[in-house]
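entry-v2.txt, holding compact mmCIF, C-alpha atoms and all ligand atoms:
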```txt
# COMPACT_ATOMS: atom_id res chain seq x y z
CA MET H 1 -48.16 90.94 114.20
CA ARG H 2 -49.01 90.66 117.89
CA ARG H 3 -51.06 87.53 117.26
CA LEU H 4 -48.10 85.98 115.47
CA SER H 5 -45.78 86.56 118.37
CA TRP H 6 -48.32 84.99 120.76
CA LEU H 7 -48.52 82.04 118.45
CA PHE H 8 -44.75 81.81 118.43
CA LEU H 9 -44.66 81.92 122.24
CA ALA H 10 -47.30 79.20 122.51
CA MET H 11 -45.38 76.97 120.11
CA PHE H 12 -42.20 77.63 122.03
CA ALA H 13 -43.90 76.60 125.29
CA LEU H 14 -45.26 73.44 123.67
CA ALA H 15 -41.83 72.56 122.32
CA LEU H 16 -40.42 72.77 125.84
CA GLN H 17 -43.06 70.57 127.36
CA PRO H 18 -42.07 67.00 126.40
CA ALA H 19 -38.68 67.42 128.00
CA ARG H 20 -40.33 68.43 131.25
CA ALA H 21 -43.07 65.81 131.15
CA GLU H 22 -40.78 62.79 130.75
CA PRO H 23 -37.65 63.32 132.80
CA LEU H 24 -37.93 59.81 134.30
CA ARG H 25 -37.79 58.11 130.92
CA ALA H 26 -34.11 58.93 130.72
CA PRO H 27 -31.95 56.12 132.09
CA LEU H 28 -31.01 56.46 135.75
CA PRO H 29 -27.33 57.43 136.01
CA VAL H 30 -25.57 55.08 138.42
CA VAL H 31 -21.96 54.36 139.30
CA ALA H 32 -20.43 50.97 140.14
CA SER H 33 -17.07 50.99 141.88
CA PHE H 34 -15.78 47.93 139.96
CA SER H 35 -16.61 45.79 136.93
CA ILE H 36 -18.37 42.88 138.69
CA LEU H 37 -20.78 45.28 140.39
CA GLY H 38 -21.26 47.02 137.02
CA ASP H 39 -22.46 43.72 135.54
CA PHE H 40 -24.90 43.14 138.43
CA LEU H 41 -26.30 46.63 137.84
CA ARG H 42 -26.78 46.05 134.12
CA GLN H 43 -28.46 42.70 134.78
CA VAL H 44 -31.00 44.27 137.17
CA GLY H 45 -31.36 47.68 135.51
CA GLY H 46 -31.12 46.85 131.79
CA ASP H 47 -31.79 49.88 129.60
CA ALA H 48 -33.35 51.74 132.53
CA VAL H 49 -29.93 52.50 134.01
CA ARG H 50 -26.80 54.09 132.61
CA VAL H 51 -23.88 52.43 134.38
CA SER H 52 -20.47 54.07 134.79
CA VAL H 53 -17.79 51.74 136.16
CA LEU H 54 -14.83 53.25 138.00
CA VAL H 55 -12.36 50.31 138.12
CA GLY H 56 -12.70 48.61 134.74
CA PRO H 57 -11.99 45.11 133.35
CA ASP H 58 -8.75 43.34 134.38
CA SER H 59 -7.97 46.18 136.81
CA ASP H 60 -7.14 46.00 140.48
CA ALA H 61 -9.53 47.89 142.77
CA HIS H 62 -7.27 47.45 145.82
CA VAL H 63 -4.65 49.86 144.51
CA TYR H 64 -6.82 52.09 142.35
CA GLU H 65 -6.21 55.85 142.09
CA PRO H 66 -9.44 57.75 141.32
CA THR H 67 -9.30 60.41 138.62
CA PRO H 68 -11.09 63.78 138.31
CA ALA H 69 -13.36 62.08 135.73
CA ASP H 70 -14.41 59.59 138.43
CA ALA H 71 -15.35 62.43 140.78
CA ARG H 72 -17.50 63.85 137.99
CA LYS H 73 -19.24 60.49 137.41
CA VAL H 74 -19.93 60.16 141.13
CA SER H 75 -21.38 63.65 141.44
CA GLU H 76 -23.67 63.10 138.43
CA ALA H 77 -24.94 59.70 139.61
CA LYS H 78 -28.25 59.17 141.40
CA LEU H 79 -26.74 56.17 143.22
CA VAL H 80 -23.18 55.00 143.78
CA PHE H 81 -22.80 51.24 144.33
CA VAL H 82 -19.77 49.95 146.20
CA ASN H 83 -18.68 46.56 147.51
CA GLY H 84 -17.81 47.76 151.02
CA LEU H 85 -15.93 45.49 153.51
CA GLY H 86 -12.87 47.71 153.02
CA PHE H 87 -12.48 46.85 149.31
CA GLU H 88 -12.45 50.41 148.05
CA GLY H 89 -9.91 52.10 150.33
CA TRP H 90 -9.89 55.13 148.01
CA LEU H 91 -13.65 55.63 148.19
CA ASP H 92 -13.96 58.02 151.12
CA ARG H 93 -11.79 60.66 149.50
CA LEU H 94 -13.69 60.37 146.23
CA VAL H 95 -17.10 60.55 147.91
CA ALA H 96 -16.07 63.56 149.98
CA ALA H 97 -14.78 65.29 146.83
CA ALA H 98 -18.07 64.62 145.06
CA ASP H 99 -20.30 65.31 148.11
CA ALA H 100 -22.10 61.99 147.53
CA LYS H 101 -22.35 60.41 150.95
CA SER H 102 -26.15 60.10 150.95
CA ARG H 103 -26.20 58.15 147.67
CA ILE H 104 -23.79 55.35 148.55
CA ILE H 105 -25.24 51.83 148.44
CA VAL H 106 -23.13 49.05 149.97
CA ALA H 107 -23.94 46.05 147.77
CA SER H 108 -22.56 43.50 150.24
CA ALA H 109 -24.83 44.67 153.11
CA GLY H 110 -26.29 41.72 154.99
CA ILE H 111 -23.74 39.05 154.03
CA THR H 112 -21.77 37.27 156.76
CA PRO H 113 -18.24 38.63 156.37
CA LEU H 114 -15.19 36.40 156.68
CA LYS H 115 -12.31 37.65 158.77
CA LEU H 116 -8.74 37.36 157.63
CA ASP H 117 -5.47 38.88 158.83
CA GLY H 118 -7.31 40.83 161.53
CA GLY H 119 -9.57 42.55 158.99
CA LEU H 120 -12.55 41.71 156.80
CA ASP H 121 -12.19 39.77 153.58
CA PRO H 122 -13.89 41.91 150.91
CA HIS H 123 -14.18 39.25 148.15
CA ALA H 124 -17.71 38.17 149.13
CA TRP H 125 -18.95 37.93 145.50
CA GLN H 126 -16.88 34.77 145.04
CA ASP H 127 -19.67 32.89 146.86
CA VAL H 128 -22.70 32.96 144.54
CA ALA H 129 -25.09 32.96 147.51
CA ASN H 130 -23.53 36.30 148.45
CA GLY H 131 -23.77 37.41 144.81
CA ARG H 132 -27.51 36.88 145.13
CA ARG H 133 -27.57 39.17 148.15
CA TYR H 134 -25.74 41.86 146.15
CA VAL H 135 -28.41 41.58 143.45
CA GLU H 136 -31.25 41.89 145.99
CA ASN H 137 -29.63 44.99 147.49
CA ILE H 138 -29.20 46.51 144.03
CA ARG H 139 -32.82 45.73 143.13
CA ASP H 140 -34.12 47.35 146.32
CA ALA H 141 -31.99 50.47 145.88
CA LEU H 142 -33.06 50.93 142.24
CA LYS H 143 -36.72 50.43 143.15
CA SER H 144 -36.66 53.09 145.82
CA ALA H 145 -34.65 55.57 143.72
CA ASP H 146 -36.83 55.03 140.63
CA PRO H 147 -40.25 53.74 141.81
CA GLU H 148 -41.88 54.28 138.39
CA ARG H 149 -39.82 51.39 137.05
CA ALA H 150 -40.03 49.20 140.16
CA ALA H 151 -41.83 46.41 138.31
CA LEU H 152 -39.10 46.26 135.67
CA TYR H 153 -36.32 46.02 138.27
CA GLU H 154 -38.30 43.40 140.17
CA ALA H 155 -38.79 41.22 137.08
CA LYS H 156 -35.23 41.49 135.83
CA ALA H 157 -33.82 40.77 139.28
CA ALA H 158 -36.07 37.71 139.68
CA ALA H 159 -34.87 36.25 136.36
CA TYR H 160 -31.22 36.93 137.19
CA LEU H 161 -31.52 35.52 140.73
CA ALA H 162 -32.83 32.29 139.21
CA THR H 163 -29.80 32.18 136.86
CA LEU H 164 -27.50 32.62 139.86
CA GLU H 165 -29.21 29.81 141.73
CA THR H 166 -28.49 27.49 138.80
CA LEU H 167 -24.90 28.75 138.64
CA ASP H 168 -24.39 28.02 142.34
CA LYS H 169 -25.54 24.41 141.84
CA GLU H 170 -23.24 24.04 138.82
CA ILE H 171 -20.24 25.10 140.92
CA VAL H 172 -21.15 22.80 143.80
CA SER H 173 -21.30 19.78 141.49
CA ALA H 174 -18.19 20.75 139.49
CA ILE H 175 -16.07 21.03 142.64
CA ALA H 176 -17.58 17.88 144.13
CA ALA H 177 -16.25 16.01 141.08
CA ILE H 178 -12.63 17.04 141.88
CA PRO H 179 -10.88 14.37 144.01
CA SER H 180 -10.56 15.67 147.57
CA GLN H 181 -6.77 15.24 147.71
CA ARG H 182 -6.47 17.57 144.70
CA ARG H 183 -8.42 20.47 146.15
CA ARG H 184 -5.47 22.40 147.61
CA ILE H 185 -4.09 25.08 145.32
CA VAL H 186 -2.02 28.28 145.24
CA SER H 187 -3.27 31.63 143.90
CA THR H 188 -1.44 34.95 144.05
CA HIS H 189 -3.64 36.99 146.42
CA ASP H 190 -6.20 35.86 148.97
CA ALA H 191 -9.31 36.49 146.87
CA PHE H 192 -10.99 33.09 147.12
CA GLY H 193 -11.80 32.75 150.84
CA TYR H 194 -15.57 32.88 150.26
CA PHE H 195 -15.31 30.55 147.26
CA ALA H 196 -13.26 28.11 149.35
CA ALA H 197 -15.65 28.27 152.30
CA ARG H 198 -18.73 27.57 150.20
CA TYR H 199 -17.47 25.12 147.60
CA GLY H 200 -14.78 23.20 149.48
CA LEU H 201 -11.39 24.08 147.99
CA GLU H 202 -8.33 25.27 149.86
CA PHE H 203 -6.35 28.25 148.54
CA ILE H 204 -3.02 29.48 149.80
CA ALA H 205 -1.60 32.80 148.59
CA PRO H 206 1.54 34.87 149.19
CA GLN H 207 -0.40 38.15 149.13
CA GLY H 208 -3.11 38.88 151.69
CA VAL H 209 -6.69 39.98 151.01
CA SER H 210 -5.36 43.17 149.48
CA THR H 211 -2.77 43.48 146.72
CA GLU H 212 -1.44 46.71 148.25
CA ALA H 213 1.66 45.12 149.78
CA GLU H 214 4.13 43.24 147.59
CA PRO H 215 4.76 39.77 149.00
CA SER H 216 8.11 39.61 150.78
CA ALA H 217 10.81 37.09 149.92
CA ARG H 218 9.84 35.31 153.13
CA ASP H 219 6.16 35.11 152.11
CA ILE H 220 7.16 33.60 148.79
CA ALA H 221 9.52 31.10 150.40
CA ARG H 222 6.76 30.13 152.85
CA ILE H 223 4.30 29.47 150.01
CA ILE H 224 6.85 27.46 148.04
CA ASP H 225 7.54 25.32 151.13
CA ALA H 226 3.83 24.85 151.76
CA ALA H 227 3.19 24.00 148.12
CA ARG H 228 5.82 21.24 148.23
CA ARG H 229 4.93 19.94 151.68
CA GLU H 230 1.16 19.97 151.30
CA LYS H 231 1.16 18.50 147.82
CA VAL H 232 -0.60 21.42 146.23
CA ALA H 233 -2.20 20.41 142.92
CA ALA H 234 -1.61 23.60 140.90
CA VAL H 235 -0.62 27.25 141.02
CA PHE H 236 -3.11 29.59 139.33
CA LEU H 237 -2.61 32.93 137.64
CA GLU H 238 -5.00 35.79 138.38
CA ASN H 239 -6.25 38.30 135.86
CA ILE H 240 -5.46 41.29 138.10
CA SER H 241 -2.00 40.14 139.24
CA ASP H 242 1.41 40.16 137.62
CA PRO H 243 1.69 36.70 135.98
CA ARG H 244 5.38 36.49 136.92
CA LEU H 245 4.54 35.85 140.58
CA ALA H 246 2.45 32.75 139.83
CA GLN H 247 4.98 31.58 137.23
CA ARG H 248 7.78 31.86 139.77
CA LEU H 249 5.78 30.04 142.46
CA ALA H 250 5.04 27.18 140.06
CA LYS H 251 8.62 26.93 138.84
CA GLU H 252 10.27 27.01 142.26
CA SER H 253 7.83 24.63 143.93
CA GLY H 254 7.74 22.25 140.98
CA VAL H 255 3.94 22.44 141.02
CA ARG H 256 2.13 22.69 137.70
CA LEU H 257 0.88 26.06 136.51
CA GLY H 258 -2.92 26.12 136.05
CA GLY H 259 -4.88 28.62 133.98
CA GLU H 260 -5.95 32.15 134.80
CA LEU H 261 -8.63 32.73 137.44
CA TYR H 262 -10.74 35.90 137.51
CA SER H 263 -10.80 37.18 141.06
CA ASP H 264 -11.56 40.89 141.45
CA ALA H 265 -12.45 42.04 137.92
CA LEU H 266 -14.16 40.83 134.77
CA SER H 267 -12.35 40.44 131.46
CA LYS H 268 -12.84 42.88 128.61
CA PRO H 269 -16.08 42.26 126.64
CA ASP H 270 -14.34 39.97 124.11
CA GLY H 271 -12.60 37.95 126.85
CA PRO H 272 -13.65 34.75 128.61
CA ALA H 273 -15.16 36.44 131.68
CA ALA H 274 -17.14 39.39 130.37
CA SER H 275 -19.93 38.90 132.92
CA TYR H 276 -20.17 37.55 136.46
CA VAL H 277 -21.79 34.31 135.28
CA GLU H 278 -19.12 33.80 132.59
CA MET H 279 -16.41 34.62 135.13
CA MET H 280 -17.58 31.98 137.61
CA ARG H 281 -18.02 29.40 134.81
CA HIS H 282 -14.57 30.20 133.43
CA ASN H 283 -13.04 29.73 136.89
CA ILE H 284 -14.67 26.34 137.44
CA GLU H 285 -13.55 25.22 133.98
CA GLU H 286 -9.96 26.20 134.75
CA LEU H 287 -10.07 24.52 138.16
CA THR H 288 -11.60 21.35 136.73
CA LYS H 289 -9.10 21.26 133.87
CA ALA H 290 -6.10 21.51 136.20
CA LEU H 291 -7.39 19.49 139.17
CA GLY H 292 -9.75 16.91 137.73
CA ARG H 293 -8.49 13.44 137.00
ZN ZN I 301 -8.67 41.20 145.87
```

Would you mind giving the structure from this file in structure tokens?
Amino acid sequence: MRRLSWLFLAMFALALQPARAEPLRAPLPVVASFSILGDFLRQVGGDAVRVSVLVGPDSDAHVYEPTPADARKVSEAKLVFVNGLGFEGWLDRLVAAADAKSRIIVASAGITPLKLDGGLDPHAWQDVANGRRYVENIRDALKSADPERAALYEAKAAAYLATLETLDKEIVSAIAAIPSQRRRIVSTHDAFGYFAARYGLEFIAPQGVSTEAEPSARDIARIIDAARREKVAAVFLENISDPRLAQRLAKESGVRLGGELYSDALSKPDGPAASYVEMMRHNIEELTKALGR
């Protein structure tokens, strides 16, 4: 009888062991503040990470209200990836609630920020060269948090960085093919400053770098005037903005309405911009369609 109970105890101890021996085989729980960052994380981390995204597809991070479920995700995560540059105004409260300060990784660290309206323009990912910097920062953070899988992160990041280099060249040549007098356009909020600076388009927008403030009647009148005077080629919708604003701008300025650009969020998985690469390709297709000869 006694021998049996020892045997039982030994088996019990053995049964416990695998769980203790392989804790690092479980995917690393990480949080991304918004969908574009979530895609970068999946590209670099693959199956080795479990990504929770706070601000999902087609949603506006500027005016987001975190939920108790978000606080839970943040407190369970090994690392919390954010854009920084003032994009996530709601972040500090969330991080304080989840006691997560030490695990915050600013994905845009090291880029050269653009200034606009007396602040920083947060939309740095719209320049693919900056996107590459985000990916390098993500790779380095994953490697140091999970050194056992460093080689995997290194290899996946290298492959993805090469894809982004090709993407950057594609955009340069697509925009170069648009006649220079047709490169001035209207969008609804100022999300394309980095895109404009790198690829040579000019965007004007009634809303500033954040969508927090509704554009005033005066802002809208100013844009309509500018659109007429400066012979703007098209007014574009944005996936995170109310389409009525762009429709009104197009109608009142007499400028044609272009397609929908993805600025601050990806589309849902079955949409045209389910990943960062698809998003940038979709945007250049829409721009080329509306502005090309
Ligand atoms: Zn924005």

With all atoms listed in the file as the counted atoms, please give the residues lying no more than 8 Å from stretch 110-118 of chain H, apart from itself and same-chain residues fewer than 4 positions off, as a ChimeraX atom specification.
/H:85,122,124,130,133,193-194,208-209

Top pick for closest residue to ligand ZN 301 (chain I), considering H:Ala100, H:Ile105, H:Ala26, H:Leu120 and counting all atoms listed in the file
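Ranked by minimum distance to ligand ZN 301 (chain I), first place goes to H:Leu120.
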
Compute the set of protein, DNA and RNA residues whose minimum atom distance to ligand ZN 301 (chain I) is at most 9 Å, using all atoms listed in the file, and state it as an mmCIF file with C-alpha atoms, in the frame of the given file.
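Output file pocket_6.cif follows:
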```
data_model
loop_
_atom_site.group_PDB
_atom_site.id
_atom_site.type_symbol
_atom_site.label_atom_id
_atom_site.label_comp_id
_atom_site.auth_asym_id
_atom_site.auth_seq_id
_atom_site.Cartn_x
_atom_site.Cartn_y
_atom_site.Cartn_z
ATOM 1 C CA ASP H 60 -7.140 46.000 140.480
ATOM 2 C CA ALA H 61 -9.530 47.890 142.770
ATOM 3 C CA HIS H 62 -7.270 47.450 145.820
ATOM 4 C CA PHE H 87 -12.480 46.850 149.310
ATOM 5 C CA ASP H 121 -12.190 39.770 153.580
ATOM 6 C CA PRO H 122 -13.890 41.910 150.910
ATOM 7 C CA HIS H 123 -14.180 39.250 148.150
ATOM 8 C CA HIS H 189 -3.640 36.990 146.420
ATOM 9 C CA ASP H 190 -6.200 35.860 148.970
ATOM 10 C CA ALA H 191 -9.310 36.490 146.870
ATOM 11 C CA PHE H 192 -10.990 33.090 147.120
ATOM 12 C CA GLY H 208 -3.110 38.880 151.690
ATOM 13 C CA VAL H 209 -6.690 39.980 151.010
ATOM 14 C CA SER H 210 -5.360 43.170 149.480
ATOM 15 C CA THR H 211 -2.770 43.480 146.720
ATOM 16 C CA ILE H 240 -5.460 41.290 138.100
ATOM 17 C CA SER H 263 -10.800 37.180 141.060
ATOM 18 C CA ASP H 264 -11.560 40.890 141.450
ATOM 19 C CA ALA H 265 -12.450 42.040 137.920
#
```

Can you work out which one of H:Pro68, H:Gly45, H:Gly56, H:Gly200 has the shortest atom-to-atom distance to H:Ala155, counting all atoms listed in the file?
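Among the listed residues, H:Gly45 lies closest to H:Ala155.
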
Which residue out of H:Lys156, H:Arg256, H:Arg183, H:Arg281 has the minimum interatomic distance to H:Val44 when all atoms listed in the file are used?
H:Lys156

Computed interatomic separation between atom CA of H:Lys78 and atom CA of H:Pro269 (Å):
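Distance reported for this atom pair: 25.5 Å.
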
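For the atom pair formed by atom CA of H:Val49 and atom CA of H:Asn239, the distance is 27.7 Å, given to one decimal.
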
Starting from the point (-20.2, 41.4, 139.5), work out which residues of protein, DNA or RNA have an atom no more than 12 Å away when counting only C-alpha atoms; state them as a PyMOL selection string.
chain H and resi 32-44+53+55-57+81-83+107-108+123-128+130-135+138+164+262-267+273-280

With all atoms listed in the file counted and 12 Å as the cut-off, give the residues of stretch 229-261 of chain H in contact with stretch 215-219 of chain H, each with its shortest interatomic distance in Å and the pair that gives it, as CSV.
```
residue,atom,partner,partner_atom,distance
H:Ser241,CA,H:Pro215,CA,11.9
H:Asp242,CA,H:Pro215,CA,11.9
H:Leu245,CA,H:Pro215,CA,9.3
H:Ala246,CA,H:Pro215,CA,11.8
H:Arg248,CA,H:Ala217,CA,11.8
H:Leu249,CA,H:Asp219,CA,10.9
```

Please produce a file of those selected residues containing C-alpha atoms, as an mmCIF file, in the frame of the given file.
```cif
data_model
loop_
_atom_site.group_PDB
_atom_site.id
_atom_site.type_symbol
_atom_site.label_atom_id
_atom_site.label_comp_id
_atom_site.auth_asym_id
_atom_site.auth_seq_id
_atom_site.Cartn_x
_atom_site.Cartn_y
_atom_site.Cartn_z
ATOM 1 C CA SER H 241 -2.000 40.140 139.240
ATOM 2 C CA ASP H 242 1.410 40.160 137.620
ATOM 3 C CA LEU H 245 4.540 35.850 140.580
ATOM 4 C CA ALA H 246 2.450 32.750 139.830
ATOM 5 C CA ARG H 248 7.780 31.860 139.770
ATOM 6 C CA LEU H 249 5.780 30.040 142.460
#
```

Ranking H:Glu170, H:Ala48, H:Thr288, H:Glu212 by minimum distance to H:Gly89 and counting all atoms listed in the file, which one comes first?
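Under the stated criterion, the closest residue is H:Glu212.
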
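Each of H:Phe236, H:Pro27, H:Leu54, H:Lys73 was compared to H:Ala145 using all atoms listed in the file, and H:Pro27 turns out to be the nearest.
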
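Counting all atoms listed in the file and comparing H:Arg198, H:Lys143, H:Arg182, H:Lys268, the residue that lies closest to H:Lys169 is H:Arg198.
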
Separation of atom CA of H:Ile175 from atom CA of H:Val255 in Å:
20.1 Å

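For H:Ala227, the list of residues within 8 Å, based on only C-alpha atoms and with local chain neighbours fewer than 4 positions off taken out, reads Ile185, Val186, Ile223, Lys231, Val232, Ser253 and Val255 of chain H.
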